[in-house]
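K.L.:
Handing over target03.txt, compact mmCIF, C-alpha atoms.
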# COMPACT_ATOMS: atom_id res chain seq x y z
CA MET A 1 122.32 5.44 129.11
CA SER A 2 124.82 7.31 126.97
CA SER A 3 124.60 7.42 123.19
CA ALA A 4 127.88 5.51 123.00
CA MET A 5 126.18 2.55 124.64
CA LEU A 6 123.28 2.42 122.15
CA LYS A 7 123.64 -0.16 119.46
CA VAL A 8 121.61 0.27 116.28
CA VAL A 9 120.29 -3.03 115.00
CA PRO A 10 118.92 -3.03 111.45
CA SER A 11 115.41 -4.35 110.94
CA PRO A 12 115.44 -7.94 109.63
CA ARG A 13 112.45 -7.16 107.34
CA LEU A 14 113.71 -3.91 105.86
CA LYS A 15 116.87 -4.49 103.88
CA LEU A 16 118.78 -1.41 102.77
CA LYS A 17 120.84 -1.39 99.60
CA SER A 18 123.25 1.02 98.03
CA THR A 19 122.51 2.53 94.65
CA GLN A 20 124.88 2.31 91.72
CA ALA A 21 123.58 5.52 90.14
CA HIS A 22 125.60 8.72 90.06
CA SER A 23 122.52 10.81 89.24
CA LEU A 24 118.75 10.32 89.20
CA PRO A 25 115.90 11.97 87.31
CA ILE A 26 114.09 14.71 89.24
CA PRO A 27 110.98 13.13 90.82
CA GLY A 28 107.76 14.24 89.16
CA GLU A 29 109.56 15.60 86.09
CA GLU A 30 109.19 12.55 83.89
CA PRO A 31 106.20 12.52 81.52
CA TRP A 32 103.23 10.49 82.63
CA TYR A 33 100.34 9.47 80.42
CA VAL A 34 97.22 7.36 80.70
CA SER A 35 95.00 5.56 78.22
CA GLU A 36 91.21 5.59 78.10
CA ALA A 37 91.17 2.00 79.40
CA ASP A 38 93.19 2.82 82.54
CA PRO A 39 91.49 2.94 85.96
CA ALA A 40 89.80 6.29 86.68
CA GLN A 41 91.65 6.62 90.00
CA LEU A 42 94.87 7.30 88.07
CA VAL A 43 93.52 10.71 87.01
CA MET A 44 91.88 11.64 90.33
CA ILE A 45 93.53 14.08 92.71
CA ASP A 46 93.31 12.02 95.90
CA PHE A 47 93.07 14.06 99.09
CA ARG A 48 94.55 11.18 101.09
CA SER A 49 97.91 11.95 99.48
CA ARG A 50 97.58 15.58 98.39
CA HIS A 51 96.14 18.60 100.15
CA SER A 52 93.25 20.46 98.62
CA VAL A 53 93.56 24.13 97.76
CA THR A 54 91.11 26.36 99.62
CA VAL A 55 90.08 30.01 99.54
CA PRO A 56 87.91 31.85 102.09
CA GLU A 57 84.40 32.72 100.90
CA THR A 58 85.03 36.38 101.78
CA SER A 59 88.08 36.66 99.51
CA ASN A 60 88.13 39.14 96.68
CA LEU A 61 88.21 37.42 93.26
CA GLU A 62 91.68 38.71 92.41
CA VAL A 63 93.11 37.38 95.68
CA ALA A 64 91.46 33.99 95.09
CA LEU A 65 92.73 33.78 91.51
CA GLU A 66 96.25 34.74 92.56
CA HIS A 67 96.20 32.06 95.28
CA MET A 68 95.07 29.45 92.74
CA LYS A 69 97.78 30.52 90.27
CA HIS A 70 100.42 30.31 93.00
CA ALA A 71 99.22 26.80 93.90
CA GLY A 72 99.18 25.78 90.22
CA VAL A 73 95.48 24.84 90.17
CA ARG A 74 92.37 25.96 88.32
CA CYS A 75 89.94 24.98 91.07
CA ALA A 76 89.75 25.64 94.81
CA PHE A 77 87.33 24.65 97.52
CA VAL A 78 85.66 27.58 99.24
CA ILE A 79 85.74 27.55 103.03
CA ASP A 80 83.49 29.41 105.46
CA GLU A 81 84.52 32.46 107.48
CA LYS A 82 85.52 30.27 110.45
CA GLU A 83 87.75 28.24 108.10
CA SER A 84 86.15 25.09 109.46
CA ALA A 85 84.09 23.74 106.56
CA VAL A 86 83.90 23.63 102.78
CA VAL A 87 80.86 25.55 101.52
CA GLY A 88 81.52 25.53 97.79
CA MET A 89 83.95 25.39 94.91
CA ILE A 90 85.30 28.03 92.55
CA THR A 91 87.26 27.67 89.33
CA SER A 92 89.43 30.07 87.41
CA TYR A 93 86.78 29.80 84.68
CA ASP A 94 84.17 31.11 87.15
CA ILE A 95 86.39 34.06 88.06
CA LEU A 96 87.46 34.93 84.50
CA GLY A 97 84.10 34.18 82.86
CA GLU A 98 80.70 35.86 82.87
CA LYS A 99 79.75 35.22 86.49
CA PRO A 100 81.44 38.33 87.97
CA GLN A 101 79.91 40.54 85.25
CA GLN A 102 76.45 39.09 85.87
CA HIS A 103 76.78 39.59 89.62
CA MET A 104 77.93 43.20 89.14
CA HIS A 105 75.01 43.89 86.77
CA PHE A 106 72.35 42.54 89.16
CA THR A 107 73.80 43.98 92.38
CA ASN A 108 75.26 47.28 91.13
CA VAL A 109 78.63 46.65 92.81
CA GLY A 110 82.10 47.22 91.40
CA HIS A 111 84.48 44.44 90.36
CA ASP A 112 86.59 44.82 93.51
CA ASP A 113 83.46 44.23 95.61
CA VAL A 114 82.62 40.84 94.09
CA LEU A 115 83.56 38.11 96.56
CA VAL A 116 84.17 34.40 96.07
CA LYS A 117 80.86 33.60 97.83
CA ASP A 118 79.00 35.70 95.24
CA ILE A 119 79.95 33.49 92.29
CA MET A 120 81.05 30.15 93.79
CA GLN A 121 79.36 26.84 93.06
CA LYS A 122 77.49 26.02 96.26
CA ILE A 123 77.68 22.43 97.49
CA SER A 124 73.96 22.04 96.86
CA ASP A 125 74.60 22.73 93.14
CA TRP A 126 77.44 20.22 92.77
CA ARG A 127 77.23 17.07 90.74
CA VAL A 128 79.54 14.56 92.46
CA ALA A 129 80.96 11.10 91.91
CA ASP A 130 81.23 8.45 94.59
CA ILE A 131 84.66 6.90 95.20
CA LYS A 132 83.17 3.41 94.95
CA ASP A 133 82.03 4.20 91.40
CA ILE A 134 85.40 5.75 90.52
CA GLU A 135 87.14 2.58 91.73
CA GLN A 136 85.10 0.60 89.17
CA SER A 137 85.46 3.10 86.29
CA THR A 138 87.95 3.88 83.53
CA VAL A 139 89.44 7.12 82.28
CA LEU A 140 87.03 6.90 79.33
CA ASP A 141 84.09 6.76 81.76
CA VAL A 142 85.36 9.98 83.39
CA LEU A 143 85.70 11.68 79.99
CA GLU A 144 82.14 10.71 79.10
CA VAL A 145 80.81 12.19 82.35
CA PHE A 146 82.64 15.46 81.68
CA SER A 147 81.14 15.54 78.17
CA ASP A 148 77.64 14.72 79.44
CA ILE A 149 77.42 17.29 82.23
CA GLY A 150 79.68 20.03 80.86
CA VAL A 151 81.70 20.88 83.97
CA THR A 152 85.45 21.37 84.31
CA HIS A 153 85.86 19.80 87.76
CA LEU A 154 84.06 16.98 89.50
CA PRO A 155 84.29 16.41 93.27
CA VAL A 156 84.62 12.80 94.42
CA MET A 157 82.89 11.91 97.68
CA GLU A 158 83.16 9.03 100.13
CA ALA A 159 81.16 8.01 103.16
CA THR A 160 82.89 7.67 106.51
CA GLU A 161 82.19 4.78 108.87
CA GLY A 162 79.51 6.98 110.47
CA ASN A 163 77.99 7.49 106.99
CA GLU A 164 79.06 11.14 106.91
CA GLN A 165 79.92 12.48 103.45
CA ARG A 166 83.40 13.91 102.91
CA LEU A 167 85.51 15.01 99.99
CA ARG A 168 87.86 12.27 98.87
CA GLY A 169 89.19 13.70 95.64
CA LEU A 170 88.73 15.83 92.57
CA LEU A 171 88.63 15.09 88.86
CA SER A 172 89.78 17.78 86.44
CA TYR A 173 88.81 17.70 82.77
CA ALA A 174 91.99 19.59 81.81
CA LYS A 175 94.16 17.11 83.72
CA VAL A 176 92.48 14.11 82.09
CA LYS A 177 92.91 15.62 78.61
CA ARG A 178 96.56 16.49 79.34
CA LEU A 179 97.35 12.97 80.58
CA LEU A 180 95.71 11.41 77.50
CA ALA A 181 97.76 13.55 75.09
CA LYS A 182 100.72 11.68 73.67
Represent the structure from my file as structure tokens, please.

P.N.:
Amino acid sequence: MSSAMLKVVPSPRLKLKSTQAHSLPIPGEEPWYVSEADPAQLVMIDFRSRHSVTVPETSNLEVALEHMKHAGVRCAFVIDEKESAVVGMITSYDILGEKPQQHMHFTNVGHDDVLVKDIMQKISDWRVADIKDIEQSTVLDVLEVFSDIGVTHLPVMEATEGNEQRLRGLLSYAKVKRLLAK
């Protein structure tokens, strides 16, 4: 059948319209704010709609920090050598703080020899939120958790149908504070 013989029939459910605008705001450029009473999910980075940023556990700290800067994030998930699983989390605060100095002091290695795996937060050390709890919480609840436990990032987990745990999202203290500022 030739293309000249094909007839395009519009969907009866999807009605297309023309726009009267001559210009539109750039998507994502408009300011966006939340209030403490808003649902907590509004401030969560949801991995169903946004990719996570990852760094290999064998990366040098400078390489990892540069990757995070390029991606515009302050936190990355650490993946194993096979690049098949998350084994931890690292923040720019971890890299720029005392952890590298402490590791160098106890292991007698130079700064260039400190790897992500040497200072990352291992999964077993994480404090996590469950998506079901986030769905029932407010932005104020999230702020209170950050204040109570003193971390900058909080992974959000969900259980699959087979009851396997997986990362669903991430909460960032800096993002919450930025979105509350008016």

K.L.:
Please indicate the distance in Å from atom CA of A:Val116 to atom CA of A:Gly169, rounded to one decimal place.

P.N.:
21.3 Å

K.L.:
From the list A:Ala71, A:Leu115, A:Leu42, A:Ala64, which residue is nearest A:Leu171 when using all atoms listed in the file?

P.N.:
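Going through A:Ala71, A:Leu115, A:Leu42, A:Ala64 one by one, the smallest distance to A:Leu171 is for A:Leu42.
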
K.L.:
Wanna dump the stretch 34-107 of chain A-stretch 139-159 of chain A contacts at 10 Å for me, each residue with its shortest atom pair and the distance in Å to one decimal, counting all atoms listed in the file, ordered by chain and number, as JSON lines?

P.N.:
{"residue": "A:Val34", "atom": "CA", "partner": "A:Val139", "partner_atom": "CA", "distance": 7.9}
{"residue": "A:Ser35", "atom": "CA", "partner": "A:Val139", "partner_atom": "CA", "distance": 7.1}
{"residue": "A:Glu36", "atom": "CA", "partner": "A:Leu140", "partner_atom": "CA", "distance": 4.5}
{"residue": "A:Ala37", "atom": "CA", "partner": "A:Val139", "partner_atom": "CA", "distance": 6.1}
{"residue": "A:Asp38", "atom": "CA", "partner": "A:Val139", "partner_atom": "CA", "distance": 5.7}
{"residue": "A:Pro39", "atom": "CA", "partner": "A:Val139", "partner_atom": "CA", "distance": 5.9}
{"residue": "A:Ala40", "atom": "CA", "partner": "A:Val139", "partner_atom": "CA", "distance": 4.5}
{"residue": "A:Gln41", "atom": "CA", "partner": "A:Val139", "partner_atom": "CA", "distance": 8.0}
{"residue": "A:Leu42", "atom": "CA", "partner": "A:Val139", "partner_atom": "CA", "distance": 7.9}
{"residue": "A:Val43", "atom": "CA", "partner": "A:Val139", "partner_atom": "CA", "distance": 7.2}
{"residue": "A:Met44", "atom": "CA", "partner": "A:Val156", "partner_atom": "CA", "distance": 8.4}
{"residue": "A:Ile45", "atom": "CA", "partner": "A:Val156", "partner_atom": "CA", "distance": 9.2}
{"residue": "A:Asp46", "atom": "CA", "partner": "A:Val156", "partner_atom": "CA", "distance": 8.8}
{"residue": "A:Phe47", "atom": "CA", "partner": "A:Val156", "partner_atom": "CA", "distance": 9.7}
{"residue": "A:Arg74", "atom": "CA", "partner": "A:His153", "partner_atom": "CA", "distance": 9.0}
{"residue": "A:Cys75", "atom": "CA", "partner": "A:His153", "partner_atom": "CA", "distance": 7.4}
{"residue": "A:Ala76", "atom": "CA", "partner": "A:His153", "partner_atom": "CA", "distance": 9.9}
{"residue": "A:Phe77", "atom": "CA", "partner": "A:Pro155", "partner_atom": "CA", "distance": 9.8}
{"residue": "A:Met89", "atom": "CA", "partner": "A:Pro155", "partner_atom": "CA", "distance": 9.1}
{"residue": "A:Ile90", "atom": "CA", "partner": "A:His153", "partner_atom": "CA", "distance": 9.5}
{"residue": "A:Thr91", "atom": "CA", "partner": "A:His153", "partner_atom": "CA", "distance": 8.1}
{"residue": "A:Tyr93", "atom": "CA", "partner": "A:Thr152", "partner_atom": "CA", "distance": 8.5}

K.L.:
How many Å separate atom CA of A:Lys117 from atom CA of A:Thr58?

P.N.:
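Between atom CA of A:Lys117 and atom CA of A:Thr58 the gap works out to 6.4 Å.
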
K.L.:
Provide the atom CA of A:Lys122 to atom CA of A:Thr107 distance in Å, to one decimal place.

P.N.:
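Separation of atom CA of A:Lys122 and atom CA of A:Thr107: 18.7 Å.
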
K.L.:
How would you write as a list in words the residues that get within 10 Å of (79.2, 27.2, 95.7) in the file's frame, counting all atoms listed in the file?

P.N.:
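Output: Glu57, Phe77, Val78, Ile79, Val86, Val87, Gly88, Met89, Ile90, Val116, Lys117, Asp118, Ile119, Met120, Gln121, Lys122, Ile123, Ser124, Asp125 and Trp126 of chain A.
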
K.L.:
Just checking: using only C-alpha atoms, which residue out of A:Leu96, A:Ala85, A:Val73, A:Leu170 ends up closest to A:Ile134?

P.N.:
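Looking only at the distances to A:Ile134, the closest residue turns out to be A:Leu170.
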
K.L.:
Within 12 Å of (105.0, 16.2, 97.7), all atoms listed in the file: residues as a VMD selection string?

P.N.:
chain A and resid 27 to 28 49 to 51

K.L.:
Between A:Ala129, A:Ile95, A:Ala21, A:Ala181, which residue has the minimum interatomic distance to A:Ser59, considering all atoms listed in the file?

P.N.:
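Smallest distance to A:Ser59 is found for A:Ile95.
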
K.L.:
Choose the residue, out of A:Val55, A:Ile131, A:Arg48, A:Glu81, that has the smallest atom-to-atom separation from A:Gln165; count all atoms listed in the file.

P.N.:
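Closest to A:Gln165 of all the choices is A:Ile131.
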
K.L.:
I'd like the contact shell of A:Tyr33 - 9 Å cut-off, all atoms listed in the file, skipping same-chain residues fewer than 5 positions apart - returned as a list of chain:residue names.

P.N.:
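The neighbour list is A:Arg178, A:Leu179, A:Leu180, A:Ala181, A:Lys182.
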
K.L.:
Would you fill the gaps in stretch 64-75 of chain A so it has N, CA and C atoms, then print it as a CSV table (one decimal), in the coordinates of the input?

P.N.:
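Dumped everything to selection.csv:
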chain,number,residue,atom,x,y,z
A,64,ALA,N,91.7,35.4,95.3
A,64,ALA,CA,91.5,34.0,95.1
A,64,ALA,C,92.2,33.5,93.8
A,65,LEU,N,92.1,34.2,92.8
A,65,LEU,CA,92.7,33.8,91.5
A,65,LEU,C,94.2,33.7,91.7
A,66,GLU,N,94.8,34.7,92.3
A,66,GLU,CA,96.2,34.7,92.6
A,66,GLU,C,96.7,33.6,93.4
A,67,HIS,N,95.9,33.2,94.4
A,67,HIS,CA,96.2,32.1,95.3
A,67,HIS,C,96.2,30.8,94.5
A,68,MET,N,95.2,30.6,93.6
A,68,MET,CA,95.1,29.4,92.7
A,68,MET,C,96.3,29.4,91.8
A,69,LYS,N,96.6,30.5,91.2
A,69,LYS,CA,97.8,30.5,90.3
A,69,LYS,C,99.0,30.1,91.0
A,70,HIS,N,99.2,30.6,92.2
A,70,HIS,CA,100.4,30.3,93.0
A,70,HIS,C,100.5,28.8,93.3
A,71,ALA,N,99.3,28.2,93.6
A,71,ALA,CA,99.2,26.8,93.9
A,71,ALA,C,99.2,25.9,92.6
A,72,GLY,N,99.1,26.5,91.5
A,72,GLY,CA,99.2,25.8,90.2
A,72,GLY,C,97.9,25.0,89.9
A,73,VAL,N,96.8,25.5,90.4
A,73,VAL,CA,95.5,24.8,90.2
A,73,VAL,C,94.5,25.8,89.5
A,74,ARG,N,93.4,25.2,88.9
A,74,ARG,CA,92.4,26.0,88.3
A,74,ARG,C,91.1,25.9,89.1
A,75,CYS,N,91.1,25.2,90.3
A,75,CYS,CA,89.9,25.0,91.1
A,75,CYS,C,90.3,25.0,92.5
